[in-house]
Amino acid sequence: MTTAFITGITGMVGSHLADFLLDNTDWDLVGLLRWRSPLDNINHLLDRVNRRDRLFLVYGDLRDTLSIDKAMCQYQPDYVFHLAAQSFPKTSFDSPLDTLETNIQGTTRVLEAVRQHCPQAVVHVCASSEVFGRVPKERLPIEEDCTFHPASPYAISKVGTDLVGRFYAEAYSLTVMTTRMFTHTGPRRGDVFAESSFAKQIALAEAGFAEPVIRVGNLKSLRTIADVRDAVRAYYMLVTVNPQPGAYFNIGGQYSVEMTTVLDHLIGLSPLKDQLKVKVDPDRLRPIDADLQVPNTEKFRRHTGWRTEIPFDQTMADLLNYWRNRVSSEGNRFLIR
C-alpha cells in the first residue's frame, strides 16, 4: 500500500491536501501534528481516523528531532509533503528565532529522517514566494531564478527551507523538490492573513458581534491569487508527474490584484456593503513588505500540465461563507486579528 506523510495536516493546506488525496487516490495518509494542534480543519476527517480508514495521525514537533525520526521510521512513507511551518510573516517579526528554528532546522530534521529511513520517498518541500521579497517591477513576473530578497524573518526562514531541500537532493541523491507557492487562499485560511481577516471581520459585523469597521494593513500590495484546492492538486502533480530530484518551481494563480480590490470584492458580497468602513491599523503594517508578488508559472505548468480551475470569485465567496459558518456556530468567541 502506498503511504503519504503530511507534516502540518491540521493547517489549511494540509487539511485540503488530505481531502484531495483521500478522494483521488487509494493511498494511506499519515498526518503529523503537535499534541496541542487545533483539530478544527480536520474535524470532518476524525471519524476516518477513529476507524483507521486510510488516515492516521502521529504526534511530533519540527523542533523535536526524536519525534520526527520516530514517525518517519515507523511509517517509512512513499511520499512526503512537508508543509508544516511557522507560516505567519507578521508573527515572525515578534518571534524570529522560533520562526528560524521551526522552519530551517525543522526541514533539516524531516529530510534527515527521510535520508535515514525512507530514502526512496518522493519529497515535496514547501518554501514560499516570500523568498523573493522586494522584487523590482522590471523583474515581474517573477521567475524561478530571480534573486532572493527576503523581507521578513519568515521569508528568511523560507530561503533556508528552500536551500536545505535542494541541498538534500544534490548531496544525498534524494528525490526532493521545492515549491514557491504564491498567495493561495480559500476555506480554512488562517485569520492572520489579510484576505481571511477581511472575511472574518465582515462575518463578525454581519452577525452583530463587531462594529462595521474593517481594520486593514497595506492595501497596495499586489498579489496573484490562487485557490487552495488548486494548490493541493498542484502538489499532487508535483510528486506524481515525472518527479525530478532537486527541481524547484514557482506555483500560483493567474489573477493578479491589489489587496484593496480583494477587500472591495469581499465587501461587495455583504448585505452590509453600504455600512462597512475601512480603517488602516498601524499594527497590521509590516516593517518591510513583499508587495509585488506576481509569478511566472510557465515552468511548472509546462512540466506537469497543471492549470488553475477555480475562479477568484468562487474563492472569495467560499472564504467569506467559511467565516460566516464559523461565526454562526461559534458565536463571538473570536479575536479580531
# chains A, B, ... in the order shown; residues from 1 in each chain; ligands from 1
>>> residues_around(residues="Thr65 in chain A", least_positions_apart="5", cutoff="12 Å", atoms="only C-alpha atoms", output="number ranges by chain")
A: 60, 70-72, 101-102, 105-113
>>> write_last_selection(atoms="N, CA, C and O atoms", output="CSV table (one decimal), in the first residue's frame")
chain,number,residue,atom,x,y,z
A,60,GLY,N,4.2,14.8,16.8
A,60,GLY,CA,5.6,15.2,16.6
A,60,GLY,C,5.7,16.7,16.5
A,60,GLY,O,4.7,17.4,16.4
A,70,LYS,N,11.3,9.2,14.9
A,70,LYS,CA,10.5,8.1,15.2
A,70,LYS,C,9.3,7.9,14.2
A,70,LYS,O,9.0,6.8,13.8
A,71,ALA,N,8.6,9.0,13.9
A,71,ALA,CA,7.5,9.0,13.0
A,71,ALA,C,7.9,8.5,11.6
A,71,ALA,O,7.2,7.6,11.0
A,72,MET,N,9.0,9.0,11.1
A,72,MET,CA,9.5,8.6,9.8
A,72,MET,C,9.9,7.1,9.8
A,72,MET,O,9.7,6.4,8.8
A,101,GLU,N,14.1,28.5,13.7
A,101,GLU,CA,14.4,27.2,14.2
A,101,GLU,C,13.3,26.2,13.6
A,101,GLU,O,13.6,25.1,13.1
A,102,THR,N,12.1,26.6,13.7
A,102,THR,CA,11.0,25.7,13.2
A,102,THR,C,11.1,25.4,11.8
A,102,THR,O,11.0,24.3,11.3
A,105,GLN,N,15.6,24.5,10.7
A,105,GLN,CA,16.1,23.3,11.4
A,105,GLN,C,15.0,22.2,11.3
A,105,GLN,O,15.3,21.0,11.2
A,106,GLY,N,13.7,22.6,11.4
A,106,GLY,CA,12.7,21.6,11.2
A,106,GLY,C,12.7,20.9,9.9
A,106,GLY,O,12.5,19.6,9.8
A,107,THR,N,12.9,21.6,8.8
A,107,THR,CA,13.1,21.0,7.5
A,107,THR,C,14.3,20.0,7.5
A,107,THR,O,14.2,18.9,6.9
A,108,THR,N,15.3,20.4,8.1
A,108,THR,CA,16.5,19.6,8.1
A,108,THR,C,16.2,18.3,8.9
A,108,THR,O,16.6,17.2,8.4
A,109,ARG,N,15.5,18.4,10.0
A,109,ARG,CA,15.1,17.2,10.7
A,109,ARG,C,14.3,16.2,9.9
A,109,ARG,O,14.4,15.0,9.9
A,110,VAL,N,13.3,16.8,9.1
A,110,VAL,CA,12.4,16.0,8.3
A,110,VAL,C,13.3,15.2,7.2
A,110,VAL,O,13.1,14.0,7.0
A,111,LEU,N,14.1,16.0,6.5
A,111,LEU,CA,14.9,15.4,5.4
A,111,LEU,C,15.9,14.4,5.9
A,111,LEU,O,16.2,13.4,5.3
A,112,GLU,N,16.5,14.7,7.1
A,112,GLU,CA,17.5,13.8,7.6
A,112,GLU,C,16.8,12.5,8.0
A,112,GLU,O,17.3,11.4,7.8
A,113,ALA,N,15.6,12.5,8.5
A,113,ALA,CA,14.8,11.3,8.9
A,113,ALA,C,14.4,10.6,7.6
A,113,ALA,O,14.5,9.3,7.6
>>> closest_atom_pairs(of="range 234-335 of chain A", to="range 210-225 of chain A", cutoff="12 Å", atoms="only C-alpha atoms", output="Markdown table")
| residue | atom | partner | partner_atom | distance |
| --- | --- | --- | --- | --- |
| A:Asn250 | CA | A:Thr224 | CA | 11.9 |
| A:Ile251 | CA | A:Thr224 | CA | 10.2 |
| A:Gly252 | CA | A:Thr224 | CA | 6.8 |
| A:Gly253 | CA | A:Ile225 | CA | 5.3 |
| A:Gln254 | CA | A:Thr224 | CA | 6.5 |
| A:Tyr255 | CA | A:Thr224 | CA | 5.3 |
| A:Ser256 | CA | A:Thr224 | CA | 4.0 |
| A:Val257 | CA | A:Arg223 | CA | 5.5 |
| A:Glu258 | CA | A:Leu222 | CA | 4.3 |
| A:Met259 | CA | A:Leu219 | CA | 4.7 |
| A:Thr260 | CA | A:Leu219 | CA | 4.7 |
| A:Thr261 | CA | A:Leu219 | CA | 8.3 |
| A:Val262 | CA | A:Leu219 | CA | 8.9 |
| A:Leu263 | CA | A:Leu219 | CA | 8.3 |
| A:Asp264 | CA | A:Leu219 | CA | 10.4 |
| A:Leu266 | CA | A:Ile214 | CA | 10.9 |
| A:Ile267 | CA | A:Ile214 | CA | 9.4 |
| A:Ser270 | CA | A:Pro212 | CA | 11.1 |
| A:Pro271 | CA | A:Pro212 | CA | 11.4 |
| A:Leu272 | CA | A:Pro212 | CA | 7.9 |
| A:Lys273 | CA | A:Pro212 | CA | 9.3 |
| A:Asp274 | CA | A:Pro212 | CA | 9.9 |
| A:Gln275 | CA | A:Pro212 | CA | 6.5 |
| A:Leu276 | CA | A:Pro212 | CA | 4.7 |
| A:Lys277 | CA | A:Val213 | CA | 4.7 |
| A:Val278 | CA | A:Ile214 | CA | 4.8 |
| A:Lys279 | CA | A:Arg215 | CA | 4.9 |
| A:Val280 | CA | A:Val216 | CA | 4.9 |
| A:Asp281 | CA | A:Val216 | CA | 5.7 |
| A:Pro282 | CA | A:Gly217 | CA | 6.9 |
| A:Asp283 | CA | A:Gly217 | CA | 7.7 |
| A:Arg284 | CA | A:Gly217 | CA | 4.6 |
| A:Leu285 | CA | A:Gly217 | CA | 5.0 |
| A:Arg286 | CA | A:Gly217 | CA | 8.1 |
| A:Pro287 | CA | A:Asn218 | CA | 10.9 |
| A:Ile288 | CA | A:Asn218 | CA | 10.5 |
| A:Asp289 | CA | A:Ser221 | CA | 7.9 |
| A:Ala290 | CA | A:Ser221 | CA | 7.6 |
| A:Asp291 | CA | A:Ser221 | CA | 4.3 |
| A:Leu292 | CA | A:Leu222 | CA | 5.0 |
| A:Gln293 | CA | A:Arg223 | CA | 4.9 |
| A:Val294 | CA | A:Thr224 | CA | 5.4 |
| A:Pro295 | CA | A:Thr224 | CA | 7.3 |
| A:Asn296 | CA | A:Thr224 | CA | 10.3 |
| A:Thr297 | CA | A:Thr224 | CA | 11.1 |
| A:Thr308 | CA | A:Ile225 | CA | 10.4 |
| A:Ile310 | CA | A:Ile225 | CA | 10.6 |
| A:Pro311 | CA | A:Ile225 | CA | 9.5 |
| A:Phe312 | CA | A:Ile225 | CA | 7.2 |
| A:Asp313 | CA | A:Ile225 | CA | 10.7 |
| A:Gln314 | CA | A:Ile225 | CA | 11.8 |
| A:Thr315 | CA | A:Ile225 | CA | 9.1 |
| A:Met316 | CA | A:Ile225 | CA | 10.1 |
| A:Val327 | CA | A:Ala210 | CA | 11.3 |
| A:Gly331 | CA | A:Ala210 | CA | 11.1 |
| A:Asn332 | CA | A:Ala210 | CA | 8.5 |
| A:Arg333 | CA | A:Ala210 | CA | 11.3 |
| A:Phe334 | CA | A:Ala210 | CA | 10.1 |
| A:Leu335 | CA | A:Ala210 | CA | 10.1 |
>>> residues_around(residues="Asp145 in chain A", least_positions_apart="6", cutoff="12 Å", atoms="only C-alpha atoms", output="list in words")
Ser129, Val131, Phe132, Arg139, Arg180, Ala247, Tyr248, Phe249, Asn250, Pro295, Asn296 and Lys299 of chain A
>>> closest_atom_pairs(of="range 47-103 of chain A", to="range 237-243 of chain A", cutoff="12 Å", atoms="only C-alpha atoms", output="Markdown table")
| residue | atom | partner | partner_atom | distance |
| --- | --- | --- | --- | --- |
| A:Asp78 | CA | A:Val239 | CA | 10.2 |
| A:Tyr79 | CA | A:Val239 | CA | 7.5 |
| A:Val80 | CA | A:Val239 | CA | 8.9 |
| A:Phe81 | CA | A:Val239 | CA | 8.9 |
| A:His82 | CA | A:Val239 | CA | 12.0 |
>>> atom_distance(atom1="CA of Gln120 in chain A", atom2="CA of Ser173 in chain A")
9.6 Å
>>> residues_around(residues="Tyr154 in chain A", least_positions_apart="5", cutoff="10 Å", atoms="only C-alpha atoms", output="PyMOL selection string")
chain A and resi 85-93+95-100+103+128+130-131+159-160
>>> write_last_selection(atoms="N, CA and C atoms", output="PDB file, in the first residue's frame")
ATOM      1  N   ALA A  85       5.060  24.537   9.236  1.00  0.00           N
ATOM      2  CA  ALA A  85       5.969  25.674   9.391  1.00  0.00           C
ATOM      3  C   ALA A  85       5.358  26.677  10.356  1.00  0.00           C
ATOM      4  N   GLN A  86       6.191  27.582  10.848  1.00  0.00           N
ATOM      5  CA  GLN A  86       5.672  28.823  11.412  1.00  0.00           C
ATOM      6  C   GLN A  86       5.426  29.688  10.187  1.00  0.00           C
ATOM      7  N   SER A  87       4.174  29.842   9.807  1.00  0.00           N
ATOM      8  CA  SER A  87       3.849  30.331   8.466  1.00  0.00           C
ATOM      9  C   SER A  87       3.305  31.750   8.418  1.00  0.00           C
ATOM     10  N   PHE A  88       3.399  32.502   9.506  1.00  0.00           N
ATOM     11  CA  PHE A  88       2.801  33.829   9.548  1.00  0.00           C
ATOM     12  C   PHE A  88       3.894  34.894   9.460  1.00  0.00           C
ATOM     13  N   PRO A  89       4.004  35.591   8.331  1.00  0.00           N
ATOM     14  CA  PRO A  89       5.063  36.598   8.190  1.00  0.00           C
ATOM     15  C   PRO A  89       5.071  37.646   9.291  1.00  0.00           C
ATOM     16  N   LYS A  90       3.898  38.197   9.628  1.00  0.00           N
ATOM     17  CA  LYS A  90       3.888  39.252  10.640  1.00  0.00           C
ATOM     18  C   LYS A  90       4.331  38.722  12.000  1.00  0.00           C
ATOM     19  N   THR A  91       3.905  37.513  12.349  1.00  0.00           N
ATOM     20  CA  THR A  91       4.314  36.915  13.615  1.00  0.00           C
ATOM     21  C   THR A  91       5.819  36.751  13.690  1.00  0.00           C
ATOM     22  N   SER A  92       6.450  36.524  12.557  1.00  0.00           N
ATOM     23  CA  SER A  92       7.896  36.275  12.554  1.00  0.00           C
ATOM     24  C   SER A  92       8.695  37.485  13.019  1.00  0.00           C
ATOM     25  N   PHE A  93       8.138  38.686  12.887  1.00  0.00           N
ATOM     26  CA  PHE A  93       8.835  39.865  13.402  1.00  0.00           C
ATOM     27  C   PHE A  93       8.871  39.844  14.931  1.00  0.00           C
ATOM     28  N   SER A  95       8.623  36.866  16.712  1.00  0.00           N
ATOM     29  CA  SER A  95       9.258  35.607  17.128  1.00  0.00           C
ATOM     30  C   SER A  95      10.231  35.124  16.061  1.00  0.00           C
ATOM     31  N   PRO A  96      11.278  35.884  15.782  1.00  0.00           N
ATOM     32  CA  PRO A  96      12.182  35.494  14.687  1.00  0.00           C
ATOM     33  C   PRO A  96      12.952  34.213  14.949  1.00  0.00           C
ATOM     34  N   LEU A  97      13.417  33.996  16.181  1.00  0.00           N
ATOM     35  CA  LEU A  97      14.220  32.809  16.444  1.00  0.00           C
ATOM     36  C   LEU A  97      13.375  31.538  16.372  1.00  0.00           C
ATOM     37  N   ASP A  98      12.162  31.597  16.905  1.00  0.00           N
ATOM     38  CA  ASP A  98      11.253  30.454  16.796  1.00  0.00           C
ATOM     39  C   ASP A  98      10.971  30.144  15.335  1.00  0.00           C
ATOM     40  N   THR A  99      10.771  31.187  14.534  1.00  0.00           N
ATOM     41  CA  THR A  99      10.488  31.007  13.114  1.00  0.00           C
ATOM     42  C   THR A  99      11.662  30.341  12.401  1.00  0.00           C
ATOM     43  N   LEU A 100      12.873  30.824  12.677  1.00  0.00           N
ATOM     44  CA  LEU A 100      14.053  30.267  12.014  1.00  0.00           C
ATOM     45  C   LEU A 100      14.282  28.818  12.425  1.00  0.00           C
ATOM     46  N   ASN A 103      11.385  26.453  10.976  1.00  0.00           N
ATOM     47  CA  ASN A 103      11.324  26.282   9.525  1.00  0.00           C
ATOM     48  C   ASN A 103      12.614  25.743   8.913  1.00  0.00           C
ATOM     49  N   SER A 128       8.262  29.219  -0.175  1.00  0.00           N
ATOM     50  CA  SER A 128       7.257  30.274  -0.262  1.00  0.00           C
ATOM     51  C   SER A 128       7.695  31.317  -1.280  1.00  0.00           C
ATOM     52  N   GLU A 130       7.507  34.236  -0.669  1.00  0.00           N
ATOM     53  CA  GLU A 130       8.095  35.298   0.141  1.00  0.00           C
ATOM     54  C   GLU A 130       9.622  35.306   0.066  1.00  0.00           C
ATOM     55  N   VAL A 131      10.233  34.217  -0.423  1.00  0.00           N
ATOM     56  CA  VAL A 131      11.692  34.213  -0.555  1.00  0.00           C
ATOM     57  C   VAL A 131      12.167  35.321  -1.494  1.00  0.00           C
ATOM     58  N   VAL A 159      13.832  30.956   2.773  1.00  0.00           N
ATOM     59  CA  VAL A 159      15.041  30.833   1.949  1.00  0.00           C
ATOM     60  C   VAL A 159      15.847  29.635   2.440  1.00  0.00           C
ATOM     61  N   GLY A 160      16.001  29.525   3.760  1.00  0.00           N
ATOM     62  CA  GLY A 160      16.713  28.381   4.315  1.00  0.00           C
ATOM     63  C   GLY A 160      16.026  27.067   4.003  1.00  0.00           C
TER      64      GLY A 160
END
>>> select_by_dssp(residues="range 133-221 of chain A", states="helix (DSSP H, G or I)", output="VMD selection string")
chain A and resid 137 to 139 153 to 172 194 to 206
>>> write_last_selection(atoms="C-alpha atoms", output="PDB file, in the first residue's frame")
ATOM      1  CA  LYS A 137       8.847  45.996 -11.151  1.00  0.00           C
ATOM      2  CA  GLU A 138      11.121  45.266 -14.086  1.00  0.00           C
ATOM      3  CA  ARG A 139      11.594  41.692 -12.798  1.00  0.00           C
ATOM      4  CA  PRO A 153      12.223  36.693   9.295  1.00  0.00           C
ATOM      5  CA  TYR A 154       9.615  34.307   7.896  1.00  0.00           C
ATOM      6  CA  ALA A 155      10.891  34.907   4.371  1.00  0.00           C
ATOM      7  CA  ILE A 156      14.482  34.386   5.530  1.00  0.00           C
ATOM      8  CA  SER A 157      13.443  31.098   7.111  1.00  0.00           C
ATOM      9  CA  LYS A 158      11.847  30.009   3.848  1.00  0.00           C
ATOM     10  CA  VAL A 159      15.041  30.833   1.949  1.00  0.00           C
ATOM     11  CA  GLY A 160      16.713  28.381   4.315  1.00  0.00           C
ATOM     12  CA  THR A 161      13.931  25.847   3.802  1.00  0.00           C
ATOM     13  CA  ASP A 162      14.298  26.136   0.030  1.00  0.00           C
ATOM     14  CA  LEU A 163      18.081  25.729   0.105  1.00  0.00           C
ATOM     15  CA  VAL A 164      18.029  22.860   2.592  1.00  0.00           C
ATOM     16  CA  GLY A 165      15.623  20.973   0.340  1.00  0.00           C
ATOM     17  CA  ARG A 166      17.786  21.471  -2.720  1.00  0.00           C
ATOM     18  CA  PHE A 167      20.926  20.550  -0.753  1.00  0.00           C
ATOM     19  CA  TYR A 168      19.492  17.188   0.319  1.00  0.00           C
ATOM     20  CA  ALA A 169      18.575  16.405  -3.271  1.00  0.00           C
ATOM     21  CA  GLU A 170      22.061  17.186  -4.544  1.00  0.00           C
ATOM     22  CA  ALA A 171      24.155  15.875  -1.640  1.00  0.00           C
ATOM     23  CA  TYR A 172      22.295  12.653  -0.898  1.00  0.00           C
ATOM     24  CA  ALA A 194      -5.132  39.714   5.078  1.00  0.00           C
ATOM     25  CA  GLU A 195      -7.978  38.437   2.928  1.00  0.00           C
ATOM     26  CA  SER A 196      -9.104  35.956   5.577  1.00  0.00           C
ATOM     27  CA  SER A 197      -9.024  38.656   8.235  1.00  0.00           C
ATOM     28  CA  PHE A 198     -11.202  40.824   5.993  1.00  0.00           C
ATOM     29  CA  ALA A 199     -13.719  37.999   5.559  1.00  0.00           C
ATOM     30  CA  LYS A 200     -13.738  37.208   9.270  1.00  0.00           C
ATOM     31  CA  GLN A 201     -14.329  40.843  10.231  1.00  0.00           C
ATOM     32  CA  ILE A 202     -17.185  41.090   7.732  1.00  0.00           C
ATOM     33  CA  ALA A 203     -18.765  37.907   9.112  1.00  0.00           C
ATOM     34  CA  LEU A 204     -18.490  39.204  12.681  1.00  0.00           C
ATOM     35  CA  ALA A 205     -20.058  42.530  11.675  1.00  0.00           C
ATOM     36  CA  GLU A 206     -22.891  40.784   9.827  1.00  0.00           C
TER      37      GLU A 206
END
>>> closest_residue(among="A:His16, A:Arg302, A:His44, A:Arg52", to="Tyr235 in chain A", atoms="only C-alpha atoms")
A:His16
>>> closest_residue(among="A:Asp47, A:Asp19, A:Asp227, A:Asp64", to="Arg34 in chain A", atoms="only C-alpha atoms")
A:Asp64
>>> atom_distance(atom1="CA of Asp53 in chain A", atom2="CA of Trp27 in chain A")
10.6 Å
>>> atom_distance(atom1="CA of Arg51 in chain A", atom2="CA of Pro77 in chain A")
20.4 Å
>>> residues_around(residues="Leu29 in chain A", least_positions_apart="3", cutoff="9 Å", atoms="only C-alpha atoms", output="list in words")
Thr2, Thr3, Ala4, Phe5, Ile6, Ala18, Leu21, Leu22, Arg54, Leu55, Phe56, Leu57 and Pro77 of chain A
>>> write_last_selection(atoms="C-alpha atoms", output="short mmCIF file (atom, residue, chain, number, x, y, z; two decimals), in the first residue's frame")
data_model
loop_
_atom_site.label_atom_id
_atom_site.label_comp_id
_atom_site.auth_asym_id
_atom_site.auth_seq_id
_atom_site.Cartn_x
_atom_site.Cartn_y
_atom_site.Cartn_z
CA THR A 2 1.27 3.43 -0.94
CA THR A 3 1.68 5.80 2.02
CA ALA A 4 1.89 9.59 2.01
CA PHE A 5 3.19 11.54 5.00
CA ILE A 6 1.87 15.10 5.52
CA ALA A 18 -5.71 15.24 2.87
CA LEU A 21 -5.68 12.53 -1.61
CA LEU A 22 -8.48 10.66 0.14
CA ARG A 54 -6.67 5.19 5.43
CA LEU A 55 -5.94 8.15 7.70
CA PHE A 56 -3.59 8.04 10.68
CA LEU A 57 -2.31 10.78 12.96
CA PRO A 77 6.30 6.65 3.51
#
>>> closest_residue(among="A:His265, A:His124, A:His303, A:Arg189", to="Tyr236 in chain A", atoms="only C-alpha atoms")
A:His124
>>> select_by_dssp(residues="range 163-321 of chain A", states="strand (DSSP E or B)", output="PyMOL selection string")
chain A and resi 175-181+184-185+213-216+222-227+248-251+255-258+277-280+292-293+295
>>> write_last_selection(atoms="C-alpha atoms", output="short mmCIF file (atom, residue, chain, number, x, y, z; two decimals), in the first residue's frame")
data_model
loop_
_atom_site.label_atom_id
_atom_site.label_comp_id
_atom_site.auth_asym_id
_atom_site.auth_seq_id
_atom_site.Cartn_x
_atom_site.Cartn_y
_atom_site.Cartn_z
CA THR A 175 14.05 12.96 -4.77
CA VAL A 176 13.34 16.29 -3.11
CA MET A 177 11.54 19.10 -4.93
CA THR A 178 10.84 22.56 -3.59
CA THR A 179 7.98 24.91 -4.43
CA ARG A 180 7.46 28.65 -4.09
CA MET A 181 3.68 28.86 -3.89
CA HIS A 184 -3.31 30.85 -2.06
CA THR A 185 -6.46 31.07 -0.03
CA VAL A 213 -15.29 48.56 10.64
CA ILE A 214 -12.72 46.54 8.70
CA ARG A 215 -9.19 47.02 10.04
CA VAL A 216 -6.56 46.67 7.34
CA LEU A 222 -0.03 43.38 -5.44
CA ARG A 223 -0.75 39.66 -5.20
CA THR A 224 -1.55 36.83 -7.59
CA ILE A 225 -4.35 34.81 -6.02
CA ALA A 226 -4.89 31.06 -6.32
CA ASP A 227 -7.39 28.79 -4.62
CA TYR A 248 12.22 23.93 -7.88
CA PHE A 249 9.08 25.58 -9.16
CA ASN A 250 7.01 28.72 -8.84
CA ILE A 251 3.32 27.87 -8.49
CA TYR A 255 -5.40 36.59 -11.28
CA SER A 256 -3.22 39.48 -10.05
CA VAL A 257 -4.82 42.20 -7.98
CA GLU A 258 -4.06 44.77 -5.29
CA LYS A 277 -16.00 51.27 6.85
CA VAL A 278 -12.31 50.67 6.28
CA LYS A 279 -9.66 51.75 8.80
CA VAL A 280 -5.89 51.38 8.46
CA LEU A 292 4.91 42.74 -5.73
CA GLN A 293 4.11 39.03 -5.73
CA PRO A 295 4.77 34.75 -10.56
#
>>> closest_residue(among="A:Asp318, A:Tyr75, A:Pro245, A:Ser329", to="Val114 in chain A", atoms="only C-alpha atoms")
A:Tyr75
